[in-house]
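Dropping structure-v7.pdb in here (PDB, C-alpha atoms and all ligand atoms):
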ATOM      1  CA  MET A   1       0.000   0.000   0.000
ATOM      2  CA  SER A   2       1.280   3.448  -0.875
ATOM      3  CA  LEU A   3       1.981   5.900   1.926
ATOM      4  CA  ARG A   4      -0.212   8.943   2.121
ATOM      5  CA  THR A   5       0.462  12.198   3.931
ATOM      6  CA  VAL A   6      -1.893  15.059   4.713
ATOM      7  CA  ASP A   7      -0.718  18.702   4.827
ATOM      8  CA  VAL A   8      -2.844  21.582   6.122
ATOM      9  CA  PHE A   9      -2.464  25.293   5.304
ATOM     10  CA  GLU A  10      -4.317  28.374   6.572
ATOM     11  CA  GLU A  11      -4.538  31.009   3.835
ATOM     12  CA  ARG A  12      -5.897  34.547   3.573
ATOM     13  CA  PHE A  13      -7.326  36.391   0.585
ATOM     14  CA  ALA A  14      -8.097  40.106   0.694
ATOM     15  CA  VAL A  15     -11.674  41.035  -0.194
ATOM     16  CA  ARG A  16     -12.205  43.666  -2.871
ATOM     17  CA  GLY A  17     -13.355  46.676  -0.808
ATOM     18  CA  LYS A  18     -15.363  45.264   2.093
ATOM     19  CA  PHE A  19     -18.207  42.790   2.234
ATOM     20  CA  GLU A  20     -21.014  43.305   4.749
ATOM     21  CA  ILE A  21     -23.911  41.033   5.717
ATOM     22  CA  SER A  22     -26.348  41.153   8.648
ATOM     23  CA  ARG A  23     -23.762  39.687  11.036
ATOM     24  CA  GLY A  24     -20.976  42.183  10.243
ATOM     25  CA  ALA A  25     -18.357  43.269   7.696
ATOM     26  CA  ARG A  26     -15.387  41.296   6.337
ATOM     27  CA  THR A  27     -12.207  42.493   4.646
ATOM     28  CA  GLU A  28     -10.579  39.104   4.075
ATOM     29  CA  ALA A  29     -11.459  35.483   3.419
ATOM     30  CA  VAL A  30      -9.708  33.031   5.750
ATOM     31  CA  VAL A  31      -9.633  29.533   4.278
ATOM     32  CA  VAL A  32      -8.048  26.194   5.133
ATOM     33  CA  ARG A  33      -6.471  24.168   2.313
ATOM     34  CA  VAL A  34      -5.447  20.528   2.549
ATOM     35  CA  GLU A  35      -3.182  18.497   0.318
ATOM     36  CA  ILE A  36      -3.322  14.698   0.374
ATOM     37  CA  HIS A  37      -0.151  13.239  -1.119
ATOM     38  CA  ASP A  38      -0.199   9.663  -2.402
ATOM     39  CA  GLY A  39       3.021   8.713  -4.171
ATOM     40  CA  ASP A  40       3.430  11.249  -6.973
ATOM     41  CA  ASP A  41      -0.230  12.283  -6.893
ATOM     42  CA  VAL A  42      -1.631  15.188  -4.908
ATOM     43  CA  GLY A  43      -5.273  15.983  -4.275
ATOM     44  CA  GLN A  44      -6.305  19.272  -2.726
ATOM     45  CA  GLY A  45      -9.394  20.825  -1.213
ATOM     46  CA  GLU A  46     -10.364  24.146   0.395
ATOM     47  CA  CYS A  47     -12.877  24.965   3.109
ATOM     48  CA  VAL A  48     -14.028  28.062   4.951
ATOM     49  CA  PRO A  49     -14.352  27.802   8.755
ATOM     50  CA  TYR A  50     -17.549  29.671   9.687
ATOM     51  CA  ALA A  51     -18.010  31.313  13.080
ATOM     52  CA  ARG A  52     -21.828  31.189  12.793
ATOM     53  CA  TYR A  53     -21.520  27.395  12.912
ATOM     54  CA  GLY A  54     -19.026  27.344  15.784
ATOM     55  CA  GLU A  55     -15.940  26.896  13.604
ATOM     56  CA  THR A  56     -12.595  28.710  13.710
ATOM     57  CA  PRO A  57      -9.559  28.151  11.479
ATOM     58  CA  ALA A  58      -7.819  26.567  14.486
ATOM     59  CA  SER A  59     -10.702  24.202  15.298
ATOM     60  CA  VAL A  60     -10.961  23.123  11.663
ATOM     61  CA  ARG A  61      -7.211  22.528  11.343
ATOM     62  CA  GLN A  62      -7.360  20.465  14.510
ATOM     63  CA  GLN A  63     -10.238  18.342  13.146
ATOM     64  CA  ILE A  64      -8.255  17.753   9.963
ATOM     65  CA  HIS A  65      -5.144  16.736  11.894
ATOM     66  CA  ALA A  66      -7.240  14.360  13.994
ATOM     67  CA  ALA A  67      -8.607  12.689  10.843
ATOM     68  CA  ALA A  68      -5.223  12.607   9.077
ATOM     69  CA  ALA A  69      -4.134   9.289  10.587
ATOM     70  CA  PHE A  70      -7.299   7.667   9.229
ATOM     71  CA  LEU A  71      -6.574   8.997   5.740
ATOM     72  CA  GLU A  72      -2.876   8.209   5.851
ATOM     73  CA  THR A  73      -3.692   4.556   6.454
ATOM     74  CA  GLY A  74      -5.970   4.385   3.427
ATOM     75  CA  GLY A  75      -9.363   5.660   4.661
ATOM     76  CA  ASP A  76     -11.687   6.568   1.811
ATOM     77  CA  ARG A  77     -14.457   9.079   1.111
ATOM     78  CA  GLY A  78     -17.215   6.730   2.174
ATOM     79  CA  LEU A  79     -15.675   6.105   5.587
ATOM     80  CA  LEU A  80     -14.723   9.767   6.015
ATOM     81  CA  GLN A  81     -18.440  10.553   6.358
ATOM     82  CA  ASP A  82     -18.431   8.597   9.656
ATOM     83  CA  VAL A  83     -15.091   9.912  10.917
ATOM     84  CA  LEU A  84     -15.924  13.644  10.856
ATOM     85  CA  PRO A  85     -19.227  15.507  11.286
ATOM     86  CA  ALA A  86     -20.620  17.629   8.430
ATOM     87  CA  GLY A  87     -18.740  20.929   8.311
ATOM     88  CA  ALA A  88     -15.728  22.695   6.860
ATOM     89  CA  ALA A  89     -13.020  20.188   7.895
ATOM     90  CA  ARG A  90     -14.778  17.259   6.244
ATOM     91  CA  ASN A  91     -15.420  19.381   3.165
ATOM     92  CA  ALA A  92     -11.717  20.106   2.562
ATOM     93  CA  LEU A  93     -10.771  16.443   3.023
ATOM     94  CA  ASP A  94     -13.661  15.066   0.980
ATOM     95  CA  CYS A  95     -12.880  17.386  -1.950
ATOM     96  CA  ALA A  96      -9.166  16.553  -1.726
ATOM     97  CA  LEU A  97     -10.043  12.837  -1.932
ATOM     98  CA  TRP A  98     -12.186  13.460  -5.045
ATOM     99  CA  ASP A  99      -9.292  15.377  -6.625
ATOM    100  CA  LEU A 100      -6.809  12.665  -5.681
ATOM    101  CA  GLU A 101      -9.003   9.864  -7.015
ATOM    102  CA  ALA A 102      -9.504  11.684 -10.319
ATOM    103  CA  ARG A 103      -5.764  12.200 -10.733
ATOM    104  CA  ARG A 104      -4.822   8.648  -9.761
ATOM    105  CA  ARG A 105      -7.329   7.160 -12.194
ATOM    106  CA  GLY A 106      -6.612   9.666 -14.960
ATOM    107  CA  VAL A 107     -10.252  10.745 -15.270
ATOM    108  CA  SER A 108     -12.056  13.920 -14.224
ATOM    109  CA  ALA A 109     -14.155  14.374 -11.097
ATOM    110  CA  TYR A 110     -17.065  15.018 -13.467
ATOM    111  CA  GLU A 111     -16.656  11.528 -14.916
ATOM    112  CA  LEU A 112     -16.388  10.041 -11.425
ATOM    113  CA  ALA A 113     -19.714  11.714 -10.585
ATOM    114  CA  GLY A 114     -21.331  10.704 -13.899
ATOM    115  CA  LEU A 115     -21.617  14.315 -15.059
ATOM    116  CA  GLU A 116     -20.540  16.244 -18.130
ATOM    117  CA  ARG A 117     -18.067  19.076 -17.736
ATOM    118  CA  ARG A 118     -19.773  22.349 -18.550
ATOM    119  CA  ALA A 119     -19.590  26.028 -17.610
ATOM    120  CA  VAL A 120     -22.086  27.448 -15.110
ATOM    121  CA  GLN A 121     -23.445  30.965 -14.705
ATOM    122  CA  THR A 122     -23.252  32.484 -11.231
ATOM    123  CA  LEU A 123     -25.204  35.372  -9.764
ATOM    124  CA  LEU A 124     -23.365  38.363  -8.258
ATOM    125  CA  THR A 125     -23.700  39.246  -4.570
ATOM    126  CA  ILE A 126     -23.967  42.846  -3.371
ATOM    127  CA  GLY A 127     -23.155  43.415   0.308
ATOM    128  CA  ILE A 128     -25.164  45.658   2.626
ATOM    129  CA  ASP A 129     -24.454  49.314   1.957
ATOM    130  CA  GLU A 130     -26.205  52.622   1.415
ATOM    131  CA  PRO A 131     -29.036  52.214  -1.137
ATOM    132  CA  GLU A 132     -27.267  54.516  -3.612
ATOM    133  CA  GLU A 133     -24.051  52.496  -3.443
ATOM    134  CA  MET A 134     -25.947  49.205  -3.851
ATOM    135  CA  ALA A 135     -27.689  50.721  -6.878
ATOM    136  CA  ARG A 136     -24.316  51.670  -8.387
ATOM    137  CA  GLN A 137     -23.063  48.123  -7.908
ATOM    138  CA  ALA A 138     -26.287  46.725  -9.353
ATOM    139  CA  GLU A 139     -25.862  48.770 -12.493
ATOM    140  CA  ARG A 140     -22.338  47.393 -12.948
ATOM    141  CA  GLY A 141     -23.407  43.841 -12.011
ATOM    142  CA  ALA A 142     -26.572  43.685 -14.128
ATOM    143  CA  PRO A 143     -24.832  41.693 -16.931
ATOM    144  CA  PHE A 144     -24.577  38.762 -14.474
ATOM    145  CA  GLY A 145     -28.352  38.400 -14.953
ATOM    146  CA  THR A 146     -29.091  37.608 -11.296
ATOM    147  CA  LEU A 147     -28.163  39.840  -8.343
ATOM    148  CA  LYS A 148     -28.221  38.725  -4.712
ATOM    149  CA  LEU A 149     -28.714  41.562  -2.262
ATOM    150  CA  LYS A 150     -27.598  41.224   1.306
ATOM    151  CA  VAL A 151     -30.055  42.858   3.713
ATOM    152  CA  GLY A 152     -31.164  42.300   7.312
ATOM    153  CA  SER A 153     -29.156  45.217   8.618
ATOM    154  CA  ARG A 154     -29.778  46.605  12.103
ATOM    155  CA  ASP A 155     -31.227  49.785  10.587
ATOM    156  CA  GLY A 156     -34.509  48.002   9.971
ATOM    157  CA  LEU A 157     -36.863  46.557   7.384
ATOM    158  CA  GLU A 158     -37.892  49.906   5.882
ATOM    159  CA  ARG A 159     -34.269  50.684   5.102
ATOM    160  CA  ASP A 160     -33.838  47.206   3.585
ATOM    161  CA  LEU A 161     -36.807  47.837   1.297
ATOM    162  CA  GLU A 162     -35.202  51.135   0.244
ATOM    163  CA  ARG A 163     -32.102  49.168  -0.718
ATOM    164  CA  VAL A 164     -34.090  46.754  -2.857
ATOM    165  CA  ARG A 165     -36.044  49.606  -4.472
ATOM    166  CA  ALA A 166     -32.808  51.397  -5.364
ATOM    167  CA  VAL A 167     -31.368  48.232  -6.910
ATOM    168  CA  ARG A 168     -34.547  47.504  -8.847
ATOM    169  CA  GLY A 169     -34.408  51.033 -10.248
ATOM    170  CA  ALA A 170     -30.804  50.548 -11.369
ATOM    171  CA  ALA A 171     -31.268  47.018 -12.751
ATOM    172  CA  PRO A 172     -34.862  46.786 -13.993
ATOM    173  CA  ASP A 173     -34.378  43.470 -15.822
ATOM    174  CA  ALA A 174     -32.233  41.613 -13.267
ATOM    175  CA  ARG A 175     -33.496  38.554 -11.433
ATOM    176  CA  ILE A 176     -33.183  39.606  -7.784
ATOM    177  CA  VAL A 177     -32.542  37.343  -4.795
ATOM    178  CA  VAL A 178     -32.709  38.949  -1.344
ATOM    179  CA  ASP A 179     -30.738  37.374   1.522
ATOM    180  CA  ALA A 180     -31.624  38.594   5.021
ATOM    181  CA  ASN A 181     -29.158  36.233   6.767
ATOM    182  CA  GLU A 182     -31.616  35.722   9.695
ATOM    183  CA  GLY A 183     -31.977  39.506  10.092
ATOM    184  CA  TRP A 184     -35.766  39.857  10.332
ATOM    185  CA  SER A 185     -38.326  38.867  12.976
ATOM    186  CA  PRO A 186     -41.067  36.374  12.123
ATOM    187  CA  HIS A 187     -43.773  39.064  12.504
ATOM    188  CA  GLN A 188     -42.073  41.221   9.819
ATOM    189  CA  VAL A 189     -42.067  38.513   7.178
ATOM    190  CA  PRO A 190     -45.586  38.792   5.650
ATOM    191  CA  ALA A 191     -45.261  42.545   4.983
ATOM    192  CA  ALA A 192     -41.680  42.140   3.759
ATOM    193  CA  LEU A 193     -42.664  39.441   1.274
ATOM    194  CA  GLU A 194     -45.578  41.455  -0.022
ATOM    195  CA  ALA A 195     -43.375  44.501  -0.643
ATOM    196  CA  LEU A 196     -40.645  42.390  -2.229
ATOM    197  CA  ALA A 197     -43.156  40.650  -4.492
ATOM    198  CA  GLU A 198     -44.220  44.063  -5.780
ATOM    199  CA  LEU A 199     -40.580  44.814  -6.580
ATOM    200  CA  GLY A 200     -40.400  41.605  -8.598
ATOM    201  CA  VAL A 201     -37.994  39.828  -6.232
ATOM    202  CA  ALA A 202     -37.615  36.183  -7.277
ATOM    203  CA  LEU A 203     -36.462  34.569  -4.033
ATOM    204  CA  VAL A 204     -35.921  35.475  -0.372
ATOM    205  CA  GLU A 205     -33.230  33.671   1.563
ATOM    206  CA  GLN A 206     -33.320  32.956   5.313
ATOM    207  CA  PRO A 207     -35.581  35.803   6.446
ATOM    208  CA  VAL A 208     -35.627  34.805  10.132
ATOM    209  CA  PRO A 209     -33.165  33.067  12.458
ATOM    210  CA  ALA A 210     -32.810  29.297  12.223
ATOM    211  CA  GLY A 211     -34.927  27.910  15.061
ATOM    212  CA  LYS A 212     -37.492  30.723  14.712
ATOM    213  CA  ASP A 213     -38.854  29.412  11.423
ATOM    214  CA  GLN A 214     -41.117  26.576  12.639
ATOM    215  CA  LYS A 215     -44.255  28.454  11.533
ATOM    216  CA  ILE A 216     -42.894  29.996   8.352
ATOM    217  CA  GLY A 217     -44.770  27.418   6.285
ATOM    218  CA  GLU A 218     -48.096  28.720   7.642
ATOM    219  CA  ILE A 219     -47.845  32.215   6.144
ATOM    220  CA  GLU A 220     -48.414  33.012   2.506
ATOM    221  CA  HIS A 221     -45.188  33.090   0.505
ATOM    222  CA  ALA A 222     -45.723  35.976  -1.886
ATOM    223  CA  VAL A 223     -42.093  35.280  -2.841
ATOM    224  CA  PRO A 224     -40.574  31.766  -2.594
ATOM    225  CA  LEU A 225     -38.294  31.217   0.412
ATOM    226  CA  CYS A 226     -34.885  29.551   0.580
ATOM    227  CA  ALA A 227     -33.374  27.995   3.728
ATOM    228  CA  ASP A 228     -29.671  28.659   4.272
ATOM    229  CA  GLU A 229     -28.731  28.837   7.973
ATOM    230  CA  SER A 230     -31.688  26.456   8.616
ATOM    231  CA  PHE A 231     -30.367  23.859   6.189
ATOM    232  CA  HIS A 232     -27.090  21.944   6.446
ATOM    233  CA  THR A 233     -27.488  18.284   5.498
ATOM    234  CA  LEU A 234     -29.994  15.525   4.686
ATOM    235  CA  GLU A 235     -31.102  15.738   8.327
ATOM    236  CA  GLN A 236     -32.941  19.066   7.818
ATOM    237  CA  LEU A 237     -34.581  18.231   4.482
ATOM    238  CA  ASP A 238     -37.849  17.044   6.005
ATOM    239  CA  PHE A 239     -38.024  20.160   8.188
ATOM    240  CA  CYS A 240     -37.448  22.423   5.181
ATOM    241  CA  ALA A 241     -39.966  20.700   2.898
ATOM    242  CA  GLY A 242     -43.300  22.456   3.489
ATOM    243  CA  ARG A 243     -41.629  25.482   5.085
ATOM    244  CA  TYR A 244     -39.330  26.556   2.249
ATOM    245  CA  GLU A 245     -39.383  26.193  -1.533
ATOM    246  CA  PHE A 246     -35.556  26.139  -1.884
ATOM    247  CA  VAL A 247     -32.583  25.010   0.149
ATOM    248  CA  ASN A 248     -29.137  26.596  -0.186
ATOM    249  CA  LEU A 249     -26.629  23.773  -0.535
ATOM    250  CA  LYS A 250     -23.047  24.650   0.436
ATOM    251  CA  LEU A 251     -20.200  22.168   0.581
ATOM    252  CA  ASP A 252     -18.912  23.725   3.818
ATOM    253  CA  LYS A 253     -22.251  22.800   5.422
ATOM    254  CA  THR A 254     -22.747  19.339   3.868
ATOM    255  CA  GLY A 255     -19.152  18.476   4.686
ATOM    256  CA  GLY A 256     -18.137  17.910   1.087
ATOM    257  CA  LEU A 257     -19.192  16.940  -2.399
ATOM    258  CA  THR A 258     -20.032  13.320  -1.505
ATOM    259  CA  HIS A 259     -22.863  14.276   0.861
ATOM    260  CA  ALA A 260     -23.899  17.203  -1.365
ATOM    261  CA  LEU A 261     -24.627  14.833  -4.264
ATOM    262  CA  GLU A 262     -26.861  12.800  -1.918
ATOM    263  CA  VAL A 263     -28.731  15.982  -0.979
ATOM    264  CA  VAL A 264     -29.259  16.753  -4.681
ATOM    265  CA  ARG A 265     -31.036  13.414  -5.117
ATOM    266  CA  GLU A 266     -33.132  13.632  -1.945
ATOM    267  CA  ALA A 267     -34.155  17.290  -2.261
ATOM    268  CA  GLY A 268     -35.718  16.583  -5.639
ATOM    269  CA  ASP A 269     -37.778  13.739  -4.137
ATOM    270  CA  ARG A 270     -39.226  16.199  -1.619
ATOM    271  CA  GLY A 271     -40.085  18.854  -4.203
ATOM    272  CA  LEU A 272     -37.407  21.251  -2.963
ATOM    273  CA  SER A 273     -35.514  23.357  -5.506
ATOM    274  CA  LEU A 274     -31.807  23.985  -5.100
ATOM    275  CA  MET A 275     -29.586  26.976  -4.731
ATOM    276  CA  VAL A 276     -25.892  26.144  -4.602
ATOM    277  CA  GLY A 277     -23.974  28.642  -2.519
ATOM    278  CA  CYS A 278     -20.521  29.388  -1.181
ATOM    279  CA  MET A 279     -18.686  31.286   1.515
ATOM    280  CA  LEU A 280     -16.092  33.999   0.810
ATOM    281  CA  SER A 281     -13.510  31.725  -0.763
ATOM    282  CA  SER A 282     -11.056  31.193  -3.614
ATOM    283  CA  SER A 283     -11.520  29.250  -6.843
ATOM    284  CA  LEU A 284     -10.421  26.030  -5.152
ATOM    285  CA  ALA A 285     -13.523  25.960  -2.915
ATOM    286  CA  ILE A 286     -15.766  26.694  -5.896
ATOM    287  CA  ALA A 287     -14.381  24.053  -8.297
ATOM    288  CA  PRO A 288     -16.145  21.038  -6.702
ATOM    289  CA  ALA A 289     -19.346  23.058  -6.238
ATOM    290  CA  LEU A 290     -19.537  23.429 -10.034
ATOM    291  CA  LEU A 291     -20.615  19.771 -10.175
ATOM    292  CA  VAL A 292     -23.547  20.443  -7.846
ATOM    293  CA  ALA A 293     -24.380  23.646  -9.746
ATOM    294  CA  GLN A 294     -25.497  21.588 -12.720
ATOM    295  CA  HIS A 295     -28.540  20.573 -10.653
ATOM    296  CA  ALA A 296     -29.313  24.008  -9.183
ATOM    297  CA  GLU A 297     -31.897  26.559 -10.240
ATOM    298  CA  VAL A 298     -29.931  29.348  -8.555
ATOM    299  CA  VAL A 299     -26.129  29.356  -8.669
ATOM    300  CA  ASP A 300     -24.387  31.553  -6.103
ATOM    301  CA  LEU A 301     -20.712  30.718  -6.578
ATOM    302  CA  ASP A 302     -19.275  34.209  -6.874
ATOM    303  CA  GLY A 303     -16.830  33.956  -3.924
ATOM    304  CA  PRO A 304     -13.732  34.493  -6.104
ATOM    305  CA  TYR A 305     -15.355  37.494  -7.826
ATOM    306  CA  LEU A 306     -15.475  39.233  -4.434
ATOM    307  CA  LEU A 307     -11.721  38.815  -3.788
ATOM    308  CA  ALA A 308      -9.030  41.373  -4.633
ATOM    309  CA  GLU A 309      -6.950  38.473  -5.920
ATOM    310  CA  ASP A 310      -7.746  34.781  -6.484
ATOM    311  CA  ARG A 311      -5.246  31.900  -6.189
ATOM    312  CA  GLU A 312      -3.154  30.631  -9.128
ATOM    313  CA  PRO A 313      -4.160  28.590 -11.022
ATOM    314  CA  ALA A 314      -7.805  29.658 -10.809
ATOM    315  CA  LEU A 315     -11.120  28.790 -12.415
ATOM    316  CA  GLY A 316     -11.995  30.515 -15.690
ATOM    317  CA  LEU A 317     -14.041  33.456 -14.405
ATOM    318  CA  GLY A 318     -15.848  35.257 -17.209
ATOM    319  CA  PRO A 319     -16.496  38.993 -16.776
ATOM    320  CA  THR A 320     -20.252  38.490 -16.429
ATOM    321  CA  GLY A 321     -20.392  35.363 -14.274
ATOM    322  CA  SER A 322     -19.701  32.397 -16.527
ATOM    323  CA  ILE A 323     -17.394  29.968 -14.651
ATOM    324  CA  ASP A 324     -15.290  27.322 -16.403
ATOM    325  CA  SER A 325     -13.596  24.432 -14.609
ATOM    326  CA  ASN A 326      -9.802  24.187 -14.656
ATOM    327  CA  PRO A 327      -8.385  20.645 -14.534
ATOM    328  CA  GLY A 328      -5.056  22.072 -13.380
ATOM    329  CA  LEU A 329      -6.700  23.463 -10.246
ATOM    330  CA  TRP A 330      -9.009  20.655  -9.114
ATOM    331  CA  GLY A 331     -10.737  17.546 -10.362
ATOM    332  CA  GLY A 332      -8.366  16.404 -13.115
TER     333      GLY A 332
HETATM  334 MG    MG A 401     -27.353  32.995   2.653
END

Kindly present the structure from the file in structure tokens form.
Ligand SMILES: [Mg+2]
Amino acid sequence: MSLRTVDVFEERFAVRGKFEISRGARTEAVVVRVEIHDGDDVGQGECVPYARYGETPASVRQQIHAAAAFLETGGDRGLLQDVLPAGAARNALDCALWDLEARRRGVSAYELAGLERRAVQTLLTIGIDEPEEMARQAERGAPFGTLKLKVGSRDGLERDLERVRAVRGAAPDARIVVDANEGWSPHQVPAALEALAELGVALVEQPVPAGKDQKIGEIEHAVPLCADESFHTLEQLDFCAGRYEFVNLKLDKTGGLTHALEVVREAGDRGLSLMVGCMLSSSLAIAPALLVAQHAEVVDLDGPYLLAEDREPALGLGPTGSIDSNPGLWGG
């Protein structure tokens, strides 16, 4: 049996300008990258530790180190699902194992997953800002086709509606997704949805905090709703069906591509549509998500577009949101 080794790196990427959501502003993306070496082959994967889910870069690195012995003695993707819980650490290792397997077998990850390699079109995210500034960004971002507006700021629902109105004025033909990141109260939701429906908003993401959405299925959804913070893995699918129309699938929540592909199959059975999302991350975190994107109605994989500088090599990022895979980066 060949000897494997696992290396772990913490890396930082500056954000272009700043990026603000309901929980605060960010000026850099902090990611953890793993390399799994097996003879002359190397597979790599990237994850984003997320404080909202109790993760730090240190805790994720520690989880990866703890699982390294299992991988170094030949543990595979299937068994990895039982060794680590769903989350960022498992995501980096799972994606590195996909990359490694593709390279060892001389095929692409797409072929391993039974998919065809093809480009996907991502939306563009606009962080919380003054309505006029969000409108300026919307005008520039309109060629992406779909714009995702971050709202849920502490300055209140009325101000959020001003933001959406300003963006709609600047990008009259854009498909608009609004993400409150748990920023509203349940009692605000009916009026918010009614106003957003009038502005032609296509989808509203996570209006209220996870745990406060038990009754969200009982109100009228003038705009379809998508669960993000309320949805991590297969375990929450039954909860989300009947309460939401969409779930936002992110590899850092599912703990990798392996579990994500299971969610794709099961969500469809429950009548849930898919958004595929990402954290603030480089091209390496996005590459495996491109496989899931083929099944998604809404593709939110613009992490690298929000960075001042991506890693090298990177995915092929078109100027208006078309993303091409790069075999030299990930997935063979
Ligand atoms: Mg979200």

Give me the residues within 6 Å of range 267-284 of chain A as a list in words, counting only C-alpha atoms and dropping any in the same chain fewer than 6 places off.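 Residues near the query, excluding close chain neighbours: Ala29, Glu46, Glu245, Phe246, Val247, Asn248, Leu249, Lys250, Ala293, Ala296, Glu297, Val298, Val299, Asp300, Leu301, Gly303, Pro304, Asp310, Ala314 and Leu315 of chain A.
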
Which residues match the PyMOL selection byres (((not hetatm)) within 12 of (chain A and resi 401)) in the file above, as a PyMOL selection string? chain A and resi 21-23+52+125+127+148-152+177-183+203-210+225-232+246-250+253+275-280+299-301

If the PyMOL selection byres (((chain A and resi 167) around 9) and not hetatm) were run on this exact file, what residues would it hold? Put them as number ranges by chain. A: 131-132, 134-139, 149, 162-166, 168-172, 176

Here's the selection I'm unsure about, the PyMOL selection byres (((chain A and resi 28) around 7) and not hetatm); applied to the file above, which residues does it give, as number ranges by chain? A: 12-15, 26-27, 29-30

Find the residue from A:Thr5, A:Gln63, A:Thr73, A:Thr233 that sits nearest to Asp40 in chain A; use all atoms listed in the file when measuring. A:Thr5

Nearest candidate to Lys18 in chain A (options A:Val48, A:Glu194, A:Ile126, A:Leu71; using all atoms listed in the file): A:Ile126

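What separates CA of Ala113 in chain A from CA of Leu291 in chain A is a distance of 8.1 Å.
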
Residues within 12 Å of Thr258 in chain A, all atoms listed in the file, excluding chain neighbours under 5 positions, as an MDAnalysis selection string: chainID A and resid 76:81 86 90:98 109 112:113 233:234 250:253 263:265 288:289 291:292

Six-sided padding of 6 Å per side, axis-aligned box over range 93-99 of chain A, centre and edges in Å, one decimal, as JSON:
{"center_x": -11.4, "center_y": 15.1, "center_z": -1.8, "size_x": 16.5, "size_y": 16.5, "size_z": 21.6}

Calculated over only C-alpha atoms, which of the candidates A:Leu100, A:Cys47, A:Ala25, A:Val6 has the smallest distance to Ala67 in chain A? A:Val6

May I have the protein, DNA and RNA residues with any atom at most 9 Å from the point (-36.2, 45.4, 7.5), counting all atoms listed in the file, written as a PDB file with C-alpha atoms, in the frame of the given file?
ATOM      1  CA  VAL A 151     -30.055  42.858   3.713  1.00  0.00           C
ATOM      2  CA  GLY A 152     -31.164  42.300   7.312  1.00  0.00           C
ATOM      3  CA  SER A 153     -29.156  45.217   8.618  1.00  0.00           C
ATOM      4  CA  ARG A 154     -29.778  46.605  12.103  1.00  0.00           C
ATOM      5  CA  ASP A 155     -31.227  49.785  10.587  1.00  0.00           C
ATOM      6  CA  GLY A 156     -34.509  48.002   9.971  1.00  0.00           C
ATOM      7  CA  LEU A 157     -36.863  46.557   7.384  1.00  0.00           C
ATOM      8  CA  GLU A 158     -37.892  49.906   5.882  1.00  0.00           C
ATOM      9  CA  ARG A 159     -34.269  50.684   5.102  1.00  0.00           C
ATOM     10  CA  ASP A 160     -33.838  47.206   3.585  1.00  0.00           C
ATOM     11  CA  LEU A 161     -36.807  47.837   1.297  1.00  0.00           C
ATOM     12  CA  ALA A 180     -31.624  38.594   5.021  1.00  0.00           C
ATOM     13  CA  GLY A 183     -31.977  39.506  10.092  1.00  0.00           C
ATOM     14  CA  TRP A 184     -35.766  39.857  10.332  1.00  0.00           C
ATOM     15  CA  SER A 185     -38.326  38.867  12.976  1.00  0.00           C
ATOM     16  CA  GLN A 188     -42.073  41.221   9.819  1.00  0.00           C
ATOM     17  CA  ALA A 192     -41.680  42.140   3.759  1.00  0.00           C
TER      18      ALA A 192
END

Nearest residue to Gly54 in chain A from the set A:Gly75, A:Gly17, A:Gly217, A:Gly87 (distances using only C-alpha atoms):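 Under the stated criterion, the closest residue is A:Gly87.
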
Using only C-alpha atoms, which of A:Pro143, A:Pro85, A:Gly24, A:Gly211 sits nearest Gln121 in chain A?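 Selected residue with least distance to Gln121 in chain A: A:Pro143.
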
Could you please determine the separation between CA of Leu147 in chain A and CA of Glu11 in chain A in Å, to one decimal place?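 CA of Glu11 in chain A lies 28.0 Å from CA of Leu147 in chain A.
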
Mind giving me the straight-line distance from CA of Gly256 in chain A to CA of Phe239 in chain A in Å, one decimal?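 Going from CA of Gly256 in chain A over to CA of Phe239 in chain A, I get 21.2 Å.
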
Using all atoms listed in the file, determine which residues lie at most 7 Å from Ala174 in chain A, disregarding the query and same-chain residues fewer than 6 positions distant; provide the list as a ChimeraX atom specification. /A:142,145-147

Could you list as a ChimeraX atom specification every residue that has an atom within 12 Å of (-9.7, 27.3, 15.6), using the file's coordinates and counting only C-alpha atoms? /A:10,30-32,48-51,54-64,88-89

Using only C-alpha atoms, which of the listed residues (A:His259, A:Pro319, A:Pro186, A:His295) sits closest to Lys215 in chain A?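 Counting only C-alpha atoms, the residue closest to Lys215 in chain A is A:Pro186.
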
Which residues are close to His221 in chain A, i.e. within 8 Å by only C-alpha atoms, leaving aside same-chain residues fewer than 2 positions away? Reply as a PyMOL selection string. chain A and resi 190+193+219+223-225
